[in-house]
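Trainee: I have a structure here, written as structure tokens, and I will follow up with some questions on it.
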Amino acid sequence: MKNLAKSKVGVIVASNFRTSRVFSSHHIDFCCSGGISLEEACTRNNVDLDRVLEELEATFQTPDTMNYQELDLDKLIDTIVSMHHSYVWATVPALRAYLEKLCTVHGDRHPELHSVNDLFAKGSQALLDHMTKEEQILFPYIKAMVQAKAKEFPLSKPHFGDIENPIQMMEQEHEEEGFRFRQIAELTGGYECPPDGCQTYKVAYAMLKEFEEDLHKHIHLENNILFPEARKLFREFSFSNS
């Protein structure tokens with residue numbers, strides 16, 4: 001367990017995705033800040049390390065239903081798109097409408113709603129643009145690498161030069177979205193509906209919380225599993241100067 005305390009948070013979640021629930025319950029960021037040790041994460045968040053270690057040990061006793069690290073990269077991409085990209089595309093319009101309605105009905109009594117609405121509008125649009133770039137540029141190239149290796153045929157150098165270029169851009173955009181949602185969580189008091197909140201208020205806050213939780217899982221799969229393996233695979237290819 002002492003070794004686990006020194007392990008990176010992102011690595012722990014990558015080894016067993018069910019541990020994400022433990023980190024989420026203690027408000028430990030396992031996606032954008034997954035590169036720090038568990039010990040440091042607990043210190044930063046003023047969380048008892050021994051308690052987290054006990055909860056993680058209990059989680060490890062039950063195997064994960066899906067080992068994402070064992071998926072081929074093309075299958076992992078399909079999983080990300082079907083589970084997380086599809087969720088975002090389907091959820092954003094409804095959540096935007098709810099937040100607009102809340103601003104109209106409750107904005108005078110709860111001015112923080114205007115800031116929440118603005119943050120989500122900007123963040124969700126940025127996320128939709130982000131996913132489009134992944135689906136049209138980065139993901140197809142990663143799949144092409146998988147096929148080229150499997151069938152042993154040469155692969156053309158991508159127009160973006162090195163795969164590090166789009167991956168670094170995606171990671172930076174992940175960081176920006178993570179920061180934006182930390183602001184939303186703070187403004188909403190951890191998505192706690194006020195006593196005078198209507199049913200739409202409750203539903204909107206519940207959806208925001210779910211959206212953030214899904215975003216954490218989404219970013220984790222890319223930052224801690226897909227992107228590192230894509231980097232390794234890219235280095236296996238030799239490209240001519242032509």
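Ligands are numbered from 1 in the order shown, chains are lettered A, B, ... in the order of the structure tokens, and residues start at 1 in each chain.
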With the cut-off set at 12 Å and counting only C-alpha atoms, tabulate each residue of segment 4-83 of chain A with an atom at most that distance from an atom of segment 178-187 of chain A, showing the nearest atom pair and its distance in Å to one decimal, ordered by chain and increasing number, as JSON lines.
Mentor:
```
{"residue": "A:His27", "atom": "CA", "partner": "A:Arg182", "partner_atom": "CA", "distance": 10.1}
{"residue": "A:Ile28", "atom": "CA", "partner": "A:Arg182", "partner_atom": "CA", "distance": 11.3}
{"residue": "A:Asp29", "atom": "CA", "partner": "A:Gly178", "partner_atom": "CA", "distance": 8.8}
{"residue": "A:Phe30", "atom": "CA", "partner": "A:Gly178", "partner_atom": "CA", "distance": 10.6}
{"residue": "A:Cys31", "atom": "CA", "partner": "A:Gly178", "partner_atom": "CA", "distance": 8.4}
{"residue": "A:Cys32", "atom": "CA", "partner": "A:Gly178", "partner_atom": "CA", "distance": 6.6}
{"residue": "A:Ser33", "atom": "CA", "partner": "A:Gly178", "partner_atom": "CA", "distance": 9.2}
{"residue": "A:Gly34", "atom": "CA", "partner": "A:Gly178", "partner_atom": "CA", "distance": 11.8}
```
Trainee: Quick one, how far is atom CA of Leu128 of chain A from atom CA of His85 of chain A?
Mentor: 8.5 Å
Trainee: Can you work out the spacing between atom CA of Ala14 of chain A and atom CA of Leu221 of chain A in Å, to one decimal?
Mentor: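 Those two atoms sit 7.7 Å apart.
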Trainee: I'd like the contact shell of Leu113 of chain A - 10 Å cut-off, only C-alpha atoms, skipping same-chain residues fewer than 2 positions apart - returned as a list of chain:residue names.
Mentor: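 Listing them by chain and then by number gives A:Leu99, A:Glu100, A:Leu102, A:Cys103, A:Thr104, A:His106, A:Gly107, A:Asp108, A:Arg109, A:His110, A:Pro111, A:Ser115, A:Val116, A:Asn117, A:Asp118, A:Leu119, A:Ile184, A:Leu187, A:Thr188.
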